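Have a look at the structure below, then the notes.
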Amino acid sequence: MTGWTVDEIAARAARDIPEGAIVNLGIGQPERVADHLPPELEIILHSENGILGMGPQPPKADEDMELINAGKKPVTLLAGGAFFHHADSFAMIRGGHVDICLLGAFEVAANGDLANWSTGADGVPAVGGAMDLAAGAGSVRVITSHTTRNGAPKLLEALTLPATGRRIVKRIYTDLAVLEPRGEGFELIECAPGIDVSAVRAATGATVFERPGNFNTMPTPERKEH
């Protein structure tokens, strides 16, 4: 199998973000989306540590550790960008002013439940801001590898880890495919290059079914007053 690289997954997810959206990028793989947004579109990136109007990563020579995202990675600030207290940043999230968030995941269930934290040996100590994003963002989308390093599926019939949010995930981008939770299973939207339906099914811990016709377009999330 070939599939998408981590940057190709990010680029594929970026294609589904509509112009004018306010978007939060989770720590890890989702951060890469900032480097693949079409420059001709106005898409406003929000970071929990208090940035609105965040840009892509800078060249190594221009990195400034005083200007970082929530994952402590150096970023840039676009014209018109702003800094503010992280309490105000979370007020924006909890107030429903973030249109889309892209989060990483340990597991996603067929009904849209998300687990992206765990107190286990290989987990993280607490749920963090993902809990607020899961509850407050207009559309929750996931970027993750399709399986764990040991080859176990991350897309399951039901979660085995603590839930970050219930029935919240709208779309999933992995190295193998783009899928959507449908309750009874995962709907296959698009396969990555070199990947067929049988490969996706073999790597998924739940039913995978196809929708006929042309179905690659992501519905635009309902806009809120900002």
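Residue names in the structure tokens use chain letters A, B, ... in the order shown, residue numbers from 1 in each chain, and ligand numbers from 1 in the order shown.
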May I have all residues of range 63-215 of chain A that DSSP, computed from the backbone, assigns to helix (DSSP H, G or I), given as a PyMOL selection string?
chain A and resi 86-94+130-136+197-202
Gly3 in chain A: which residues within 9 Å, counting only C-alpha atoms, same-chain residues fewer than 2 positions away excluded, as an MDAnalysis selection string?
chainID A and resid 1 5 174:177 191:195
Mind writing the picked residues with C-alpha atoms as a PDB file, in the first residue's frame?
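Just written: part_5.pdb:
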ATOM      1  CA  MET A   1       0.000   0.000   0.000  1.00  0.00           C
ATOM      2  CA  THR A   5       1.923  11.132   3.438  1.00  0.00           C
ATOM      3  CA  THR A 174      -6.307   9.206   7.179  1.00  0.00           C
ATOM      4  CA  ASP A 175      -3.348   7.981   5.171  1.00  0.00           C
ATOM      5  CA  LEU A 176      -5.682   5.520   3.424  1.00  0.00           C
ATOM      6  CA  ALA A 177      -8.931   7.371   2.855  1.00  0.00           C
ATOM      7  CA  CYS A 191      -9.456   6.452  -1.326  1.00  0.00           C
ATOM      8  CA  ALA A 192      -5.858   7.657  -1.271  1.00  0.00           C
ATOM      9  CA  PRO A 193      -3.714   6.917  -4.334  1.00  0.00           C
ATOM     10  CA  GLY A 194      -2.783   3.236  -4.544  1.00  0.00           C
ATOM     11  CA  ILE A 195      -5.470   2.249  -2.035  1.00  0.00           C
TER      12      ILE A 195
END
Can you pull out the residues contacting Val108 in chain A? Cut-off 12 Å, using only C-alpha atoms, and skip same-chain residues under 6 positions away; I want them as JSON, numbers by chain.
{"A": [114, 115, 116, 117, 140, 141, 142, 143, 144, 145, 146, 147, 153, 154, 155, 156, 157, 158, 159, 160, 161, 162, 163, 164, 165, 166, 167, 168, 169, 170, 171, 172, 173, 174, 179, 180, 181, 182, 183, 185, 186, 204, 205, 206]}
Just the residues within 9 Å of Ala87 in chain A, please, counting only C-alpha atoms, with nothing from its chain fewer than 3 positions along; format it as a ChimeraX atom specification.
/A:48-50,84,90-92
Expected file contents, prior selection, N, CA, C and O atoms, as a compact mmCIF listing (two decimals), in the first residue's frame:
# COMPACT_ATOMS: atom_id res chain seq x y z
N GLU A 48 -5.48 28.11 20.55
CA GLU A 48 -5.95 28.24 21.93
C GLU A 48 -5.10 29.15 22.79
O GLU A 48 -5.58 29.72 23.76
N ASN A 49 -3.81 29.26 22.47
CA ASN A 49 -2.95 30.08 23.32
C ASN A 49 -3.10 31.57 23.06
O ASN A 49 -2.40 32.37 23.67
N GLY A 50 -4.03 31.96 22.17
CA GLY A 50 -4.36 33.37 22.02
C GLY A 50 -3.91 34.02 20.74
O GLY A 50 -3.35 35.12 20.77
N PHE A 84 -4.23 37.69 22.20
CA PHE A 84 -5.13 37.97 23.32
C PHE A 84 -4.93 36.90 24.39
O PHE A 84 -4.25 35.89 24.17
N PHE A 90 -10.52 30.82 24.80
CA PHE A 90 -11.47 29.75 25.11
C PHE A 90 -12.90 30.27 25.14
O PHE A 90 -13.84 29.51 24.88
N ALA A 91 -13.07 31.56 25.44
CA ALA A 91 -14.42 32.13 25.35
C ALA A 91 -14.91 32.12 23.90
O ALA A 91 -16.09 31.90 23.64
N MET A 92 -14.00 32.34 22.96
CA MET A 92 -14.36 32.24 21.54
C MET A 92 -14.81 30.83 21.19
O MET A 92 -15.81 30.62 20.49
Identify all residues of range 5-226 of chain A in strand (DSSP E or B) (DSSP on the backbone) and supply them as a count of residues only.
60
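Take the candidates A:Leu45, A:Leu25, A:Ile51, A:Val33 and check each one against Gly129 in chain A using only C-alpha atoms; the shortest distance goes to A:Leu25.
Of the residues listed (A:Ser198, A:Gln57, A:Ser139, A:Asn150), A:Ser139 shows the shortest atom-to-atom separation from Leu102 in chain A; distances use only C-alpha atoms.
You can rank A:Ala61, A:Ile43, A:Ile17, A:Ile189 by their closest distance to Val208 in chain A using only C-alpha atoms, and at the top of that list sits A:Ile189.
Using only C-alpha atoms, the residues found no farther than 10 Å from range 75-79 of chain A, other than those of its own chain fewer than 3 positions away, are Glu31, Ala34, Asp35, Ile44, Leu45, Ile51, Leu52, Gly53, Met54, Gly55, Pro56, Gln57, Pro58, Pro59, Asp62, Glu63, Asp64, Met65, Glu66, Leu67, Ile68, Asn69, Lys72, Ala82 and Phe83 of chain A.
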Generate a file of the selected residues that holds N, CA, C and O atoms, formatted as a JSON list (two decimals), in the first residue's frame.
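New file out-v5.json:
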[["chain", "number", "residue", "atom", "x", "y", "z"],
["A", 31, "GLU", "N", -1.79, 20.41, 12.75],
["A", 31, "GLU", "CA", -1.04, 21.66, 12.61],
["A", 31, "GLU", "C", -0.51, 21.85, 11.19],
["A", 31, "GLU", "O", -0.34, 22.99, 10.73],
["A", 34, "ALA", "N", -2.04, 24.26, 8.22],
["A", 34, "ALA", "CA", -1.71, 25.68, 8.05],
["A", 34, "ALA", "C", -0.78, 25.91, 6.87],
["A", 34, "ALA", "O", -0.80, 26.97, 6.24],
["A", 35, "ASP", "N", 0.04, 24.91, 6.54],
["A", 35, "ASP", "CA", 1.01, 25.04, 5.44],
["A", 35, "ASP", "C", 0.42, 24.71, 4.08],
["A", 35, "ASP", "O", 1.10, 24.82, 3.07],
["A", 44, "ILE", "N", -9.24, 31.98, 8.40],
["A", 44, "ILE", "CA", -8.66, 32.57, 9.60],
["A", 44, "ILE", "C", -8.37, 31.46, 10.61],
["A", 44, "ILE", "O", -9.28, 30.77, 11.06],
["A", 45, "LEU", "N", -7.09, 31.32, 10.95],
["A", 45, "LEU", "CA", -6.68, 30.28, 11.89],
["A", 45, "LEU", "C", -6.64, 30.82, 13.32],
["A", 45, "LEU", "O", -6.09, 31.88, 13.58],
["A", 51, "ILE", "N", -4.15, 33.36, 19.60],
["A", 51, "ILE", "CA", -3.81, 33.94, 18.30],
["A", 51, "ILE", "C", -5.01, 33.80, 17.38],
["A", 51, "ILE", "O", -5.65, 32.76, 17.32],
["A", 52, "LEU", "N", -5.28, 34.86, 16.66],
["A", 52, "LEU", "CA", -6.27, 34.83, 15.57],
["A", 52, "LEU", "C", -5.59, 35.45, 14.36],
["A", 52, "LEU", "O", -5.05, 36.55, 14.43],
["A", 53, "GLY", "N", -5.60, 34.72, 13.24],
["A", 53, "GLY", "CA", -4.86, 35.18, 12.07],
["A", 53, "GLY", "C", -3.49, 34.55, 11.98],
["A", 53, "GLY", "O", -2.55, 35.15, 11.46],
["A", 54, "MET", "N", -3.38, 33.33, 12.49],
["A", 54, "MET", "CA", -2.11, 32.60, 12.45],
["A", 54, "MET", "C", -1.79, 32.17, 11.02],
["A", 54, "MET", "O", -2.68, 31.78, 10.27],
["A", 55, "GLY", "N", -0.52, 32.22, 10.66],
["A", 55, "GLY", "CA", -0.08, 31.80, 9.34],
["A", 55, "GLY", "C", 0.67, 30.49, 9.38],
["A", 55, "GLY", "O", 0.72, 29.82, 10.42],
["A", 56, "PRO", "N", 1.29, 30.10, 8.28],
["A", 56, "PRO", "CA", 2.03, 28.84, 8.22],
["A", 56, "PRO", "C", 3.34, 28.91, 9.00],
["A", 56, "PRO", "O", 3.72, 29.96, 9.52],
["A", 57, "GLN", "N", 4.02, 27.77, 9.07],
["A", 57, "GLN", "CA", 5.32, 27.75, 9.73],
["A", 57, "GLN", "C", 6.31, 28.65, 8.97],
["A", 57, "GLN", "O", 6.28, 28.70, 7.74],
["A", 58, "PRO", "N", 7.19, 29.32, 9.70],
["A", 58, "PRO", "CA", 8.20, 30.15, 9.03],
["A", 58, "PRO", "C", 9.39, 29.31, 8.59],
["A", 58, "PRO", "O", 9.56, 28.17, 9.05],
["A", 59, "PRO", "N", 10.23, 29.82, 7.71],
["A", 59, "PRO", "CA", 11.50, 29.15, 7.42],
["A", 59, "PRO", "C", 12.31, 29.02, 8.71],
["A", 59, "PRO", "O", 12.18, 29.84, 9.62],
["A", 62, "ASP", "N", 13.87, 32.03, 10.24],
["A", 62, "ASP", "CA", 12.98, 33.09, 10.74],
["A", 62, "ASP", "C", 12.15, 32.64, 11.94],
["A", 62, "ASP", "O", 11.25, 33.35, 12.37],
["A", 63, "GLU", "N", 12.43, 31.48, 12.49],
["A", 63, "GLU", "CA", 11.65, 31.00, 13.63],
["A", 63, "GLU", "C", 11.84, 31.91, 14.84],
["A", 63, "GLU", "O", 12.95, 32.34, 15.14],
["A", 64, "ASP", "N", 10.74, 32.18, 15.53],
["A", 64, "ASP", "CA", 10.75, 33.03, 16.73],
["A", 64, "ASP", "C", 9.95, 32.28, 17.80],
["A", 64, "ASP", "O", 8.74, 32.14, 17.69],
["A", 65, "MET", "N", 10.63, 31.78, 18.82],
["A", 65, "MET", "CA", 9.94, 31.01, 19.86],
["A", 65, "MET", "C", 9.06, 31.86, 20.76],
["A", 65, "MET", "O", 8.41, 31.35, 21.67],
["A", 66, "GLU", "N", 9.01, 33.16, 20.49],
["A", 66, "GLU", "CA", 8.03, 34.02, 21.16],
["A", 66, "GLU", "C", 6.71, 34.02, 20.39],
["A", 66, "GLU", "O", 5.71, 34.56, 20.86],
["A", 67, "LEU", "N", 6.71, 33.43, 19.18],
["A", 67, "LEU", "CA", 5.50, 33.36, 18.34],
["A", 67, "LEU", "C", 5.26, 31.90, 18.01],
["A", 67, "LEU", "O", 5.81, 31.36, 17.06],
["A", 68, "ILE", "N", 4.44, 31.24, 18.85],
["A", 68, "ILE", "CA", 4.21, 29.81, 18.71],
["A", 68, "ILE", "C", 2.72, 29.50, 18.79],
["A", 68, "ILE", "O", 1.92, 30.30, 19.29],
["A", 69, "ASN", "N", 2.34, 28.33, 18.29],
["A", 69, "ASN", "CA", 0.96, 27.89, 18.40],
["A", 69, "ASN", "C", 0.76, 27.10, 19.69],
["A", 69, "ASN", "O", 1.68, 26.99, 20.52],
["A", 72, "LYS", "N", 3.32, 24.57, 20.67],
["A", 72, "LYS", "CA", 4.66, 25.12, 20.89],
["A", 72, "LYS", "C", 5.53, 25.06, 19.64],
["A", 72, "LYS", "O", 6.75, 25.00, 19.71],
["A", 82, "ALA", "N", -4.07, 38.96, 15.48],
["A", 82, "ALA", "CA", -4.18, 39.54, 16.82],
["A", 82, "ALA", "C", -3.75, 38.53, 17.88],
["A", 82, "ALA", "O", -3.85, 37.33, 17.69],
["A", 83, "PHE", "N", -3.26, 39.07, 19.02],
["A", 83, "PHE", "CA", -2.95, 38.27, 20.19],
["A", 83, "PHE", "C", -3.91, 38.64, 21.31],
["A", 83, "PHE", "O", -4.35, 39.80, 21.41]]
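Closest approach to Leu133 in chain A among A:Gly20, A:Gly80, A:Gly95, A:Gly112: A:Gly95, based on only C-alpha atoms.
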Using only C-alpha atoms, which of A:Glu184, A:Asp196, A:Asp88, A:Glu190 sits nearest Ala13 in chain A?
A:Glu190
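If you look at CA of Ile22 in chain A and CA of Ile9 in chain A, they are 19.9 Å away from each other.
Closest approach to Ala110 in chain A among A:Ala130, A:Ala135, A:Val98, A:Leu188 is made by A:Leu188 (distances from only C-alpha atoms).
Between CA of Arg94 in chain A and CA of Gly138 in chain A the interatomic distance comes to 10.7 Å.
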